[in-house]
>>> print(open('structure-v2.txt').read())   # compact mmCIF, N, CA and C atoms
# COMPACT_ATOMS: atom_id res chain seq x y z
N MET V 21 6.74 -3.20 21.97
CA MET V 21 6.01 -3.71 20.82
C MET V 21 5.48 -2.54 20.00
N ALA V 22 5.37 -2.75 18.70
CA ALA V 22 4.86 -1.73 17.78
C ALA V 22 3.74 -2.33 16.95
N ASP V 23 2.82 -1.47 16.51
CA ASP V 23 1.66 -1.92 15.74
C ASP V 23 1.49 -1.08 14.48
N ILE V 24 0.93 -1.70 13.45
CA ILE V 24 0.47 -1.00 12.25
C ILE V 24 -1.04 -0.87 12.40
N LEU V 25 -1.55 0.34 12.22
CA LEU V 25 -2.98 0.61 12.37
C LEU V 25 -3.50 1.37 11.15
N HIS V 26 -4.67 0.97 10.65
CA HIS V 26 -5.32 1.67 9.55
C HIS V 26 -6.83 1.67 9.78
N ARG V 27 -7.50 2.68 9.24
CA ARG V 27 -8.97 2.77 9.28
C ARG V 27 -9.45 3.04 7.87
N VAL V 28 -10.39 2.20 7.40
CA VAL V 28 -10.91 2.34 6.04
C VAL V 28 -12.43 2.21 6.09
N GLY V 29 -13.12 3.11 5.42
CA GLY V 29 -14.57 3.00 5.26
C GLY V 29 -14.89 2.37 3.91
N ILE V 30 -15.74 1.35 3.94
CA ILE V 30 -16.14 0.67 2.71
C ILE V 30 -17.65 0.79 2.58
N LYS V 31 -18.11 1.32 1.46
CA LYS V 31 -19.54 1.54 1.27
C LYS V 31 -20.22 0.21 0.97
N ALA V 32 -20.52 -0.53 2.05
CA ALA V 32 -21.11 -1.86 1.95
C ALA V 32 -21.51 -2.29 3.35
N SER V 33 -22.18 -3.41 3.41
CA SER V 33 -22.56 -3.96 4.71
C SER V 33 -21.36 -4.64 5.36
N ALA V 34 -21.40 -4.73 6.68
CA ALA V 34 -20.36 -5.45 7.41
C ALA V 34 -20.35 -6.92 7.00
N ASP V 35 -21.52 -7.47 6.65
CA ASP V 35 -21.58 -8.85 6.18
C ASP V 35 -20.76 -9.04 4.91
N ALA V 36 -20.89 -8.10 3.96
CA ALA V 36 -20.15 -8.20 2.70
C ALA V 36 -18.65 -8.09 2.92
N VAL V 37 -18.24 -7.17 3.78
CA VAL V 37 -16.81 -7.01 4.08
C VAL V 37 -16.29 -8.27 4.78
N TYR V 38 -17.06 -8.78 5.71
CA TYR V 38 -16.66 -9.99 6.43
C TYR V 38 -16.41 -11.14 5.45
N GLN V 39 -17.26 -11.31 4.46
CA GLN V 39 -17.07 -12.38 3.48
C GLN V 39 -15.75 -12.24 2.73
N ALA V 40 -15.34 -11.00 2.46
CA ALA V 40 -14.07 -10.78 1.77
C ALA V 40 -12.87 -11.03 2.67
N LEU V 41 -13.08 -10.98 3.99
CA LEU V 41 -12.00 -11.19 4.94
C LEU V 41 -11.94 -12.62 5.49
N ALA V 42 -13.06 -13.30 5.48
CA ALA V 42 -13.16 -14.57 6.20
C ALA V 42 -13.24 -15.80 5.31
N THR V 43 -13.20 -15.59 3.98
CA THR V 43 -13.26 -16.73 3.07
C THR V 43 -12.01 -16.75 2.19
N ARG V 44 -11.61 -17.94 1.80
CA ARG V 44 -10.42 -18.06 0.94
C ARG V 44 -10.62 -17.32 -0.38
N ASP V 45 -11.81 -17.46 -0.99
CA ASP V 45 -12.06 -16.75 -2.25
C ASP V 45 -12.06 -15.24 -2.05
N GLY V 46 -12.64 -14.79 -0.95
CA GLY V 46 -12.63 -13.36 -0.67
C GLY V 46 -11.22 -12.83 -0.52
N LEU V 47 -10.40 -13.51 0.25
CA LEU V 47 -9.01 -13.09 0.46
C LEU V 47 -8.22 -13.08 -0.85
N ALA V 48 -8.47 -14.07 -1.69
CA ALA V 48 -7.79 -14.14 -2.99
C ALA V 48 -8.22 -13.00 -3.91
N GLY V 49 -9.35 -12.39 -3.62
CA GLY V 49 -9.85 -11.30 -4.45
C GLY V 49 -9.25 -9.94 -4.14
N TRP V 50 -8.57 -9.82 -2.99
CA TRP V 50 -8.00 -8.50 -2.65
C TRP V 50 -6.55 -8.56 -2.14
N TRP V 51 -6.10 -9.69 -1.56
CA TRP V 51 -4.75 -9.70 -0.99
C TRP V 51 -3.76 -10.41 -1.91
N THR V 52 -3.93 -11.69 -2.14
CA THR V 52 -3.09 -12.40 -3.11
C THR V 52 -3.90 -13.51 -3.74
N ASP V 53 -3.79 -13.63 -5.04
CA ASP V 53 -4.58 -14.67 -5.71
C ASP V 53 -4.07 -16.08 -5.38
N ASP V 54 -2.89 -16.18 -4.75
CA ASP V 54 -2.38 -17.47 -4.30
C ASP V 54 -2.66 -17.62 -2.80
N THR V 55 -3.91 -17.89 -2.49
CA THR V 55 -4.39 -18.07 -1.12
C THR V 55 -4.85 -19.50 -0.96
N ARG V 56 -4.32 -20.17 0.05
CA ARG V 56 -4.64 -21.59 0.26
C ARG V 56 -5.00 -21.82 1.73
N GLY V 57 -5.55 -23.00 2.00
CA GLY V 57 -5.82 -23.40 3.37
C GLY V 57 -7.28 -23.31 3.74
N GLU V 58 -7.54 -23.39 5.05
CA GLU V 58 -8.90 -23.39 5.56
C GLU V 58 -9.13 -22.17 6.45
N SER V 59 -10.14 -21.39 6.11
CA SER V 59 -10.50 -20.25 6.93
C SER V 59 -11.56 -20.70 7.92
N LYS V 60 -11.08 -21.32 9.00
CA LYS V 60 -11.94 -21.72 10.11
C LYS V 60 -11.09 -21.56 11.37
N VAL V 61 -11.73 -21.30 12.49
CA VAL V 61 -10.99 -21.11 13.73
C VAL V 61 -10.13 -22.35 13.99
N GLY V 62 -8.83 -22.10 14.21
CA GLY V 62 -7.87 -23.18 14.39
C GLY V 62 -7.24 -23.64 13.09
N GLY V 63 -7.81 -23.24 11.96
CA GLY V 63 -7.28 -23.59 10.66
C GLY V 63 -6.08 -22.75 10.29
N THR V 64 -5.47 -23.09 9.18
CA THR V 64 -4.29 -22.38 8.70
C THR V 64 -4.55 -21.86 7.29
N LEU V 65 -4.18 -20.61 7.07
CA LEU V 65 -4.22 -20.00 5.75
C LEU V 65 -2.79 -19.71 5.30
N VAL V 66 -2.52 -19.94 4.03
CA VAL V 66 -1.20 -19.68 3.46
C VAL V 66 -1.38 -18.67 2.33
N PHE V 67 -0.58 -17.61 2.37
CA PHE V 67 -0.63 -16.54 1.39
C PHE V 67 0.74 -16.43 0.72
N ARG V 68 0.80 -16.61 -0.60
CA ARG V 68 2.06 -16.50 -1.35
C ARG V 68 1.96 -15.30 -2.29
N PHE V 69 3.08 -14.62 -2.48
CA PHE V 69 3.13 -13.42 -3.30
C PHE V 69 4.16 -13.61 -4.41
N SER V 70 3.88 -12.98 -5.57
CA SER V 70 4.80 -13.11 -6.69
C SER V 70 4.86 -11.79 -7.45
N ASN V 71 5.89 -11.68 -8.28
CA ASN V 71 6.07 -10.52 -9.13
C ASN V 71 6.72 -11.01 -10.43
N ASP V 72 6.07 -10.74 -11.55
CA ASP V 72 6.57 -11.19 -12.86
C ASP V 72 6.88 -12.69 -12.85
N GLY V 73 6.02 -13.48 -12.21
CA GLY V 73 6.18 -14.92 -12.17
C GLY V 73 7.18 -15.43 -11.16
N GLN V 74 7.86 -14.52 -10.46
CA GLN V 74 8.86 -14.92 -9.47
C GLN V 74 8.23 -14.92 -8.08
N ASP V 75 8.39 -16.02 -7.34
CA ASP V 75 7.88 -16.12 -5.98
C ASP V 75 8.63 -15.14 -5.08
N MET V 76 7.86 -14.31 -4.34
CA MET V 76 8.45 -13.31 -3.46
C MET V 76 8.34 -13.70 -1.99
N GLY V 77 7.78 -14.87 -1.71
CA GLY V 77 7.63 -15.30 -0.33
C GLY V 77 6.18 -15.21 0.11
N GLY V 78 5.96 -15.44 1.39
CA GLY V 78 4.59 -15.40 1.87
C GLY V 78 4.49 -15.61 3.36
N PHE V 79 3.28 -15.90 3.80
CA PHE V 79 2.95 -15.99 5.22
C PHE V 79 2.02 -17.16 5.45
N GLN V 80 2.12 -17.71 6.65
CA GLN V 80 1.18 -18.72 7.09
C GLN V 80 0.52 -18.18 8.36
N MET V 81 -0.81 -18.19 8.37
CA MET V 81 -1.56 -17.63 9.49
C MET V 81 -2.44 -18.70 10.12
N ARG V 82 -2.49 -18.70 11.45
CA ARG V 82 -3.46 -19.52 12.16
C ARG V 82 -4.68 -18.63 12.42
N VAL V 83 -5.85 -19.13 12.09
CA VAL V 83 -7.08 -18.36 12.28
C VAL V 83 -7.44 -18.42 13.76
N LEU V 84 -7.45 -17.26 14.42
CA LEU V 84 -7.77 -17.18 15.84
C LEU V 84 -9.24 -16.90 16.10
N GLU V 85 -9.84 -16.08 15.24
CA GLU V 85 -11.23 -15.68 15.50
C GLU V 85 -11.93 -15.33 14.20
N LEU V 86 -13.17 -15.79 14.08
CA LEU V 86 -14.06 -15.45 12.98
C LEU V 86 -15.41 -15.14 13.61
N ASP V 87 -15.72 -13.86 13.76
CA ASP V 87 -16.97 -13.42 14.36
C ASP V 87 -17.75 -12.69 13.26
N PRO V 88 -18.73 -13.36 12.64
CA PRO V 88 -19.41 -12.81 11.46
C PRO V 88 -19.83 -11.35 11.61
N ALA V 89 -19.44 -10.57 10.60
CA ALA V 89 -19.76 -9.14 10.48
C ALA V 89 -19.15 -8.30 11.60
N ARG V 90 -18.22 -8.87 12.39
CA ARG V 90 -17.62 -8.12 13.48
C ARG V 90 -16.10 -8.17 13.53
N ARG V 91 -15.51 -9.37 13.33
CA ARG V 91 -14.07 -9.48 13.59
C ARG V 91 -13.46 -10.70 12.90
N VAL V 92 -12.22 -10.50 12.42
CA VAL V 92 -11.38 -11.58 11.90
C VAL V 92 -10.00 -11.37 12.52
N ARG V 93 -9.41 -12.43 13.09
CA ARG V 93 -8.08 -12.32 13.69
C ARG V 93 -7.24 -13.54 13.34
N TRP V 94 -5.96 -13.29 13.02
CA TRP V 94 -4.99 -14.33 12.70
C TRP V 94 -3.73 -14.14 13.52
N GLN V 95 -2.96 -15.22 13.66
CA GLN V 95 -1.61 -15.14 14.22
C GLN V 95 -0.64 -15.67 13.18
N VAL V 96 0.44 -14.94 12.96
CA VAL V 96 1.44 -15.36 11.98
C VAL V 96 2.29 -16.47 12.58
N VAL V 97 2.31 -17.62 11.90
CA VAL V 97 3.09 -18.75 12.39
C VAL V 97 4.30 -19.07 11.50
N ASP V 98 4.31 -18.50 10.27
CA ASP V 98 5.46 -18.69 9.39
C ASP V 98 5.52 -17.53 8.41
N GLY V 99 6.73 -17.14 8.05
CA GLY V 99 6.94 -16.03 7.13
C GLY V 99 8.22 -15.31 7.51
N PRO V 100 8.35 -14.05 7.13
CA PRO V 100 9.54 -13.29 7.50
C PRO V 100 9.68 -13.24 9.03
N GLU V 101 10.91 -13.27 9.49
CA GLU V 101 11.19 -13.29 10.93
C GLU V 101 10.43 -12.20 11.69
N GLU V 102 10.36 -11.00 11.09
CA GLU V 102 9.70 -9.88 11.77
C GLU V 102 8.21 -10.12 12.00
N TRP V 103 7.60 -11.00 11.19
CA TRP V 103 6.16 -11.25 11.28
C TRP V 103 5.82 -12.38 12.26
N ILE V 104 6.76 -13.26 12.54
CA ILE V 104 6.45 -14.44 13.37
C ILE V 104 5.90 -13.98 14.72
N ASP V 105 4.78 -14.57 15.11
CA ASP V 105 4.07 -14.30 16.37
C ASP V 105 3.39 -12.93 16.42
N THR V 106 3.37 -12.20 15.30
CA THR V 106 2.55 -10.99 15.28
C THR V 106 1.11 -11.41 15.01
N ARG V 107 0.17 -10.52 15.28
CA ARG V 107 -1.25 -10.80 15.06
C ARG V 107 -1.82 -9.77 14.09
N VAL V 108 -2.71 -10.25 13.23
CA VAL V 108 -3.39 -9.42 12.25
C VAL V 108 -4.88 -9.47 12.56
N GLY V 109 -5.51 -8.30 12.64
CA GLY V 109 -6.92 -8.27 12.97
C GLY V 109 -7.69 -7.23 12.19
N PHE V 110 -8.96 -7.54 11.95
CA PHE V 110 -9.88 -6.65 11.26
C PHE V 110 -11.13 -6.53 12.13
N GLU V 111 -11.39 -5.34 12.67
CA GLU V 111 -12.61 -5.08 13.44
C GLU V 111 -13.57 -4.36 12.51
N LEU V 112 -14.84 -4.78 12.48
CA LEU V 112 -15.82 -4.21 11.58
C LEU V 112 -16.94 -3.56 12.39
N LYS V 113 -17.38 -2.39 11.94
CA LYS V 113 -18.56 -1.77 12.54
C LYS V 113 -19.31 -1.00 11.45
N GLN V 114 -20.61 -1.06 11.52
CA GLN V 114 -21.45 -0.40 10.52
C GLN V 114 -21.73 1.03 10.97
N GLU V 115 -21.49 1.98 10.09
CA GLU V 115 -21.82 3.39 10.31
C GLU V 115 -22.56 3.88 9.08
N ASP V 116 -23.88 3.95 9.18
CA ASP V 116 -24.73 4.32 8.05
C ASP V 116 -24.46 3.39 6.87
N ASP V 117 -24.11 3.95 5.71
CA ASP V 117 -23.87 3.13 4.51
C ASP V 117 -22.48 2.50 4.47
N TYR V 118 -21.65 2.81 5.47
CA TYR V 118 -20.26 2.35 5.45
C TYR V 118 -19.99 1.30 6.51
N CYS V 119 -19.17 0.33 6.13
CA CYS V 119 -18.56 -0.58 7.10
C CYS V 119 -17.18 0.00 7.38
N ILE V 120 -16.93 0.32 8.62
CA ILE V 120 -15.62 0.83 9.02
C ILE V 120 -14.76 -0.37 9.41
N VAL V 121 -13.59 -0.45 8.77
CA VAL V 121 -12.63 -1.51 9.06
C VAL V 121 -11.50 -0.89 9.87
N LEU V 122 -11.33 -1.39 11.08
CA LEU V 122 -10.19 -0.99 11.91
C LEU V 122 -9.18 -2.14 11.83
N PHE V 123 -8.11 -1.88 11.12
CA PHE V 123 -7.08 -2.89 10.87
C PHE V 123 -5.94 -2.73 11.87
N LYS V 124 -5.45 -3.87 12.36
CA LYS V 124 -4.29 -3.87 13.26
C LYS V 124 -3.35 -5.01 12.86
N HIS V 125 -2.08 -4.69 12.74
CA HIS V 125 -1.04 -5.71 12.64
C HIS V 125 -0.17 -5.46 13.87
N GLN V 126 -0.37 -6.27 14.90
CA GLN V 126 0.14 -6.00 16.23
C GLN V 126 1.34 -6.85 16.62
N ASP V 127 2.05 -6.32 17.60
CA ASP V 127 3.11 -7.04 18.31
C ASP V 127 4.41 -7.19 17.54
N TRP V 128 4.72 -6.22 16.68
CA TRP V 128 6.04 -6.19 16.08
C TRP V 128 7.04 -5.95 17.22
N LYS V 129 8.16 -6.64 17.19
CA LYS V 129 9.15 -6.49 18.27
C LYS V 129 9.74 -5.08 18.28
N GLU V 130 9.94 -4.51 17.09
CA GLU V 130 10.45 -3.14 16.98
C GLU V 130 10.09 -2.58 15.61
N PRO V 131 10.02 -1.25 15.49
CA PRO V 131 9.61 -0.64 14.22
C PRO V 131 10.77 -0.55 13.22
N VAL V 132 11.17 -1.70 12.70
CA VAL V 132 12.26 -1.76 11.72
C VAL V 132 11.77 -1.23 10.36
N GLU V 133 12.71 -1.02 9.44
CA GLU V 133 12.36 -0.47 8.13
C GLU V 133 11.34 -1.34 7.40
N PHE V 134 11.42 -2.65 7.56
CA PHE V 134 10.46 -3.55 6.91
C PHE V 134 9.03 -3.26 7.40
N MET V 135 8.89 -2.83 8.64
CA MET V 135 7.57 -2.48 9.16
C MET V 135 6.99 -1.27 8.40
N HIS V 136 7.82 -0.31 8.08
CA HIS V 136 7.38 0.85 7.28
C HIS V 136 6.85 0.37 5.93
N HIS V 137 7.62 -0.51 5.28
CA HIS V 137 7.20 -1.07 4.00
C HIS V 137 5.85 -1.78 4.15
N CYS V 138 5.74 -2.62 5.16
CA CYS V 138 4.51 -3.40 5.36
C CYS V 138 3.31 -2.50 5.65
N SER V 139 3.53 -1.42 6.36
CA SER V 139 2.43 -0.49 6.64
C SER V 139 1.88 0.09 5.34
N THR V 140 2.77 0.49 4.45
CA THR V 140 2.33 1.02 3.15
C THR V 140 1.62 -0.05 2.35
N LYS V 141 2.18 -1.26 2.32
CA LYS V 141 1.55 -2.35 1.56
C LYS V 141 0.19 -2.72 2.14
N TRP V 142 0.06 -2.74 3.48
CA TRP V 142 -1.26 -3.01 4.06
C TRP V 142 -2.26 -1.95 3.60
N ALA V 143 -1.85 -0.69 3.55
CA ALA V 143 -2.75 0.37 3.09
C ALA V 143 -3.17 0.11 1.64
N ILE V 144 -2.23 -0.28 0.81
CA ILE V 144 -2.55 -0.58 -0.59
C ILE V 144 -3.53 -1.75 -0.67
N PHE V 145 -3.28 -2.79 0.10
CA PHE V 145 -4.18 -3.95 0.05
C PHE V 145 -5.54 -3.64 0.67
N LEU V 146 -5.60 -2.77 1.66
CA LEU V 146 -6.90 -2.37 2.20
C LEU V 146 -7.70 -1.58 1.16
N MET V 147 -7.03 -0.81 0.32
CA MET V 147 -7.72 -0.14 -0.79
C MET V 147 -8.20 -1.17 -1.81
N SER V 148 -7.44 -2.25 -1.98
CA SER V 148 -7.87 -3.35 -2.85
C SER V 148 -9.12 -4.03 -2.27
N LEU V 149 -9.14 -4.22 -0.95
CA LEU V 149 -10.33 -4.77 -0.29
C LEU V 149 -11.54 -3.86 -0.53
N LYS V 150 -11.35 -2.57 -0.35
CA LYS V 150 -12.42 -1.59 -0.58
C LYS V 150 -12.94 -1.70 -2.01
N SER V 151 -12.03 -1.76 -2.96
CA SER V 151 -12.41 -1.86 -4.37
C SER V 151 -13.16 -3.17 -4.64
N LEU V 152 -12.65 -4.27 -4.10
CA LEU V 152 -13.32 -5.56 -4.31
C LEU V 152 -14.76 -5.52 -3.82
N VAL V 153 -14.96 -5.04 -2.62
CA VAL V 153 -16.30 -5.07 -2.04
C VAL V 153 -17.23 -4.06 -2.73
N GLU V 154 -16.71 -2.89 -3.05
CA GLU V 154 -17.55 -1.85 -3.65
C GLU V 154 -17.80 -2.06 -5.14
N THR V 155 -16.83 -2.62 -5.86
CA THR V 155 -16.97 -2.71 -7.33
C THR V 155 -16.95 -4.14 -7.86
N GLY V 156 -16.53 -5.09 -7.01
CA GLY V 156 -16.41 -6.47 -7.47
C GLY V 156 -15.04 -6.81 -8.01
N LYS V 157 -14.11 -5.83 -8.04
CA LYS V 157 -12.77 -6.09 -8.59
C LYS V 157 -11.71 -5.49 -7.66
N GLY V 158 -10.90 -6.36 -7.06
CA GLY V 158 -9.77 -5.91 -6.25
C GLY V 158 -8.50 -5.93 -7.07
N ALA V 159 -7.38 -5.64 -6.40
CA ALA V 159 -6.06 -5.68 -7.05
C ALA V 159 -5.11 -6.51 -6.19
N PRO V 160 -5.37 -7.83 -6.11
CA PRO V 160 -4.50 -8.69 -5.30
C PRO V 160 -3.16 -8.92 -5.99
N SER V 161 -2.17 -9.36 -5.21
CA SER V 161 -0.90 -9.77 -5.79
C SER V 161 -1.17 -10.93 -6.75
N PRO V 162 -0.56 -10.93 -7.91
CA PRO V 162 0.55 -10.11 -8.35
C PRO V 162 0.16 -8.81 -9.05
N GLY V 163 -1.12 -8.46 -9.06
CA GLY V 163 -1.56 -7.25 -9.74
C GLY V 163 -1.62 -6.01 -8.87
N ASP V 164 -0.99 -6.06 -7.70
CA ASP V 164 -1.02 -4.94 -6.75
C ASP V 164 -0.05 -3.84 -7.15
N VAL V 165 -0.16 -2.71 -6.50
CA VAL V 165 0.77 -1.59 -6.71
C VAL V 165 2.11 -1.95 -6.07
N LYS V 166 3.18 -1.88 -6.86
CA LYS V 166 4.52 -2.15 -6.34
C LYS V 166 5.11 -0.83 -5.83
N ILE V 167 5.77 -0.88 -4.66
CA ILE V 167 6.26 0.37 -4.07
C ILE V 167 7.78 0.44 -3.97
N ASP V 168 8.46 -0.69 -4.10
CA ASP V 168 9.93 -0.69 -4.00
C ASP V 168 10.46 -2.05 -4.43
N ASN V 169 11.74 -2.29 -4.23
CA ASN V 169 12.32 -3.56 -4.64
C ASN V 169 11.85 -4.73 -3.76
N TRP V 170 11.23 -4.46 -2.62
CA TRP V 170 10.62 -5.51 -1.80
C TRP V 170 9.24 -5.84 -2.31
N ASN V 171 8.71 -4.97 -3.17
CA ASN V 171 7.39 -5.06 -3.77
C ASN V 171 6.39 -4.28 -2.99
>>> encode(input="structure-v2.txt", output="structure tokens")
Amino acid sequence: MADILHRVGIKASADAVYQALATRDGLAGWWTDDTRGESKVGGTLVFRFSNDGQDMGGFQMRVLELDPARRVRWQVVDGPEEWIDTRVGFELKQEDDYCIVLFKHQDWKEPVEFMHHCSTKWAIFLMSLKSLVETGKGAPSPGDVKIDNWN
């Protein structure tokens, strides 16, 4: 198994970061503006991505854990084959003025080229999360930084 790992410091409280990770409106503010579903344990969230009005696909996640100001975890139940049954998690810890986000996208079957792409995109979206929480404005899809023909 292979994992994508990132660490980001956000100058805000863990509570503020948690709200951006654990609510549909928060998620739409930094990951994709087409966010649907219920962010509750056992609920399902659906994330769709687009570019120039064209649907690029998306993911369906089952919410595994919502621990206020500490942790958010999902399991991928639908999307690209490489993502099925992988887990996405955000661990939060307060260090002085910063909330440290330890991001994990775990249990990839193998480190295929698409995983490299996704690692870069996760980094871009984590910077969007940082911007949303610190300034009030993120860069969710479709306004995100495009890195290749996969987006």
>>> residues_around(input="structure-v2.txt", residues="Gly77 (chain V)", least_positions_apart="3", cutoff="8 Å", atoms="all atoms listed in the file", output="JSON, numbers by chain")
{"V": [67, 68, 69, 70, 71, 74, 99, 100]}
>>> atom_distance(input="structure-v2.txt", atom1="atom N of Gly63 (chain V)", atom2="CA of Gln39 (chain V)")
16.6 Å
>>> residues_around(input="structure-v2.txt", residues="region 117-133 of chain V", least_positions_apart="5", cutoff="5 Å", atoms="all atoms listed in the file", output="JSON, numbers by chain")
{"V": [21, 22, 23, 24, 25, 26, 27, 28, 29, 30, 31, 32, 106, 107, 108, 109, 110, 111, 112]}
>>> closest_residue(input="structure-v2.txt", among="V:Ser148, V:Ser161, V:Leu65, V:Ile167", to="Thr52 (chain V)", atoms="only N, CA and C atoms")
V:Ser161
>>> select_by_dssp(input="structure-v2.txt", residues="region 34-109 of chain V", states="alpha helix (DSSP H)", output="list in words")
Ala34, Asp35, Ala36, Val37, Tyr38, Gln39, Ala40, Leu41, Ala42, Arg44, Asp45, Gly46, Leu47, Ala48, Gly49 and Trp50 of chain V
>>> select_by_dssp(input="structure-v2.txt", residues="chain V", states="strand (DSSP E)", output="number ranges by chain")
V: 22-30, 54-57, 64-71, 74-87, 91-98, 107-115, 118-128
>>> closest_residue(input="structure-v2.txt", among="V:Ser33, V:Thr64, V:Phe79, V:Trp50", to="Phe145 (chain V)", atoms="all atoms listed in the file")
V:Trp50
>>> closest_residue(input="structure-v2.txt", among="V:Ala143, V:Val97, V:Ala89, V:Cys138", to="Leu41 (chain V)", atoms="only C-alpha atoms")
V:Ala89
>>> atom_distance(input="structure-v2.txt", atom1="atom N of Val153 (chain V)", atom2="atom C of Ser59 (chain V)")
19.2 Å
>>> closest_residue(input="structure-v2.txt", among="V:Leu149, V:Met81, V:Ala36, V:Val66", to="Asp98 (chain V)", atoms="all atoms listed in the file")
V:Met81
>>> atom_distance(input="structure-v2.txt", atom1="atom N of Leu84 (chain V)", atom2="CA of Lys60 (chain V)")
7.7 Å
>>> axis_aligned_box(input="structure-v2.txt", around="region 126-131 of chain V", padding_each_side="3 Å", output="lines of an AutoDock Vina configuration file")
center_x = 5.2
center_y = -3.9
center_z = 15.8
size_x = 17.1
size_y = 12.6
size_z = 11.1
>>> residues_near_point(input="structure-v2.txt", point="(-1.6, -17.7, 13.2)", cutoff="5 Å", atoms="all atoms listed in the file", output="MDAnalysis selection string")
chainID V and resid 81:83 94:97
>>> write_last_selection(input="structure-v2.txt", atoms="N, CA and C atoms", output="PDB file, keeping the file's coordinate frame")
ATOM      1  N   MET V  81      -0.810 -18.190   8.370  1.00  0.00           N
ATOM      2  CA  MET V  81      -1.560 -17.630   9.490  1.00  0.00           C
ATOM      3  C   MET V  81      -2.440 -18.700  10.120  1.00  0.00           C
ATOM      4  N   ARG V  82      -2.490 -18.700  11.450  1.00  0.00           N
ATOM      5  CA  ARG V  82      -3.460 -19.520  12.160  1.00  0.00           C
ATOM      6  C   ARG V  82      -4.680 -18.630  12.420  1.00  0.00           C
ATOM      7  N   VAL V  83      -5.850 -19.130  12.090  1.00  0.00           N
ATOM      8  CA  VAL V  83      -7.080 -18.360  12.280  1.00  0.00           C
ATOM      9  C   VAL V  83      -7.440 -18.420  13.760  1.00  0.00           C
ATOM     10  N   TRP V  94      -5.960 -13.290  13.020  1.00  0.00           N
ATOM     11  CA  TRP V  94      -4.990 -14.330  12.700  1.00  0.00           C
ATOM     12  C   TRP V  94      -3.730 -14.140  13.520  1.00  0.00           C
ATOM     13  N   GLN V  95      -2.960 -15.220  13.660  1.00  0.00           N
ATOM     14  CA  GLN V  95      -1.610 -15.140  14.220  1.00  0.00           C
ATOM     15  C   GLN V  95      -0.640 -15.670  13.180  1.00  0.00           C
ATOM     16  N   VAL V  96       0.440 -14.940  12.960  1.00  0.00           N
ATOM     17  CA  VAL V  96       1.440 -15.360  11.980  1.00  0.00           C
ATOM     18  C   VAL V  96       2.290 -16.470  12.580  1.00  0.00           C
ATOM     19  N   VAL V  97       2.310 -17.620  11.900  1.00  0.00           N
ATOM     20  CA  VAL V  97       3.090 -18.750  12.390  1.00  0.00           C
ATOM     21  C   VAL V  97       4.300 -19.070  11.500  1.00  0.00           C
TER      22      VAL V  97
END
>>> residues_around(input="structure-v2.txt", residues="Glu85 (chain V)", least_positions_apart="4", cutoff="6.5 Å", atoms="only N, CA and C atoms", output="ChimeraX atom specification")
/V:61-62,91-94
>>> residues_around(input="structure-v2.txt", residues="Val165 (chain V)", least_positions_apart="6", cutoff="9 Å", atoms="only C-alpha atoms", output="PyMOL selection string")
chain V and resi 141+144-145+159+171
>>> write_last_selection(input="structure-v2.txt", atoms="N, CA and C atoms", output="PDB file, keeping the file's coordinate frame")
ATOM      1  N   LYS V 141       2.180  -1.260   2.320  1.00  0.00           N
ATOM      2  CA  LYS V 141       1.550  -2.350   1.560  1.00  0.00           C
ATOM      3  C   LYS V 141       0.190  -2.720   2.140  1.00  0.00           C
ATOM      4  N   ILE V 144      -2.230  -0.280   0.810  1.00  0.00           N
ATOM      5  CA  ILE V 144      -2.550  -0.580  -0.590  1.00  0.00           C
ATOM      6  C   ILE V 144      -3.530  -1.750  -0.670  1.00  0.00           C
ATOM      7  N   PHE V 145      -3.280  -2.790   0.100  1.00  0.00           N
ATOM      8  CA  PHE V 145      -4.180  -3.950   0.050  1.00  0.00           C
ATOM      9  C   PHE V 145      -5.540  -3.640   0.670  1.00  0.00           C
ATOM     10  N   ALA V 159      -7.380  -5.640  -6.400  1.00  0.00           N
ATOM     11  CA  ALA V 159      -6.060  -5.680  -7.050  1.00  0.00           C
ATOM     12  C   ALA V 159      -5.110  -6.510  -6.190  1.00  0.00           C
ATOM     13  N   ASN V 171       8.710  -4.970  -3.170  1.00  0.00           N
ATOM     14  CA  ASN V 171       7.390  -5.060  -3.770  1.00  0.00           C
ATOM     15  C   ASN V 171       6.390  -4.280  -2.990  1.00  0.00           C
TER      16      ASN V 171
END
>>> decode(input="structure-v2.txt", residues="region 113-120 of chain V", atoms="N, CA and C atoms", output="PDB file, in the first residue's frame")
ATOM      1  N   LYS V 113      -3.865  19.709  14.985  1.00  0.00           N
ATOM      2  CA  LYS V 113      -3.296  19.990  16.301  1.00  0.00           C
ATOM      3  C   LYS V 113      -2.887  21.458  16.348  1.00  0.00           C
ATOM      4  N   GLN V 114      -3.119  22.065  17.487  1.00  0.00           N
ATOM      5  CA  GLN V 114      -2.807  23.484  17.659  1.00  0.00           C
ATOM      6  C   GLN V 114      -1.370  23.626  18.132  1.00  0.00           C
ATOM      7  N   GLU V 115      -0.605  24.463  17.460  1.00  0.00           N
ATOM      8  CA  GLU V 115       0.758  24.811  17.864  1.00  0.00           C
ATOM      9  C   GLU V 115       0.865  26.327  17.828  1.00  0.00           C
ATOM     10  N   ASP V 116       0.774  26.945  18.993  1.00  0.00           N
ATOM     11  CA  ASP V 116       0.774  28.403  19.113  1.00  0.00           C
ATOM     12  C   ASP V 116      -0.347  28.989  18.249  1.00  0.00           C
ATOM     13  N   ASP V 117      -0.010  29.895  17.327  1.00  0.00           N
ATOM     14  CA  ASP V 117      -1.023  30.541  16.488  1.00  0.00           C
ATOM     15  C   ASP V 117      -1.444  29.691  15.288  1.00  0.00           C
ATOM     16  N   TYR V 118      -0.824  28.527  15.120  1.00  0.00           N
ATOM     17  CA  TYR V 118      -1.075  27.706  13.940  1.00  0.00           C
ATOM     18  C   TYR V 118      -1.821  26.433  14.276  1.00  0.00           C
ATOM     19  N   CYS V 119      -2.736  26.075  13.383  1.00  0.00           N
ATOM     20  CA  CYS V 119      -3.319  24.737  13.387  1.00  0.00           C
ATOM     21  C   CYS V 119      -2.506  23.938  12.368  1.00  0.00           C
ATOM     22  N   ILE V 120      -1.893  22.872  12.826  1.00  0.00           N
ATOM     23  CA  ILE V 120      -1.134  21.997  11.935  1.00  0.00           C
ATOM     24  C   ILE V 120      -2.093  20.931  11.410  1.00  0.00           C
TER      25      ILE V 120
END
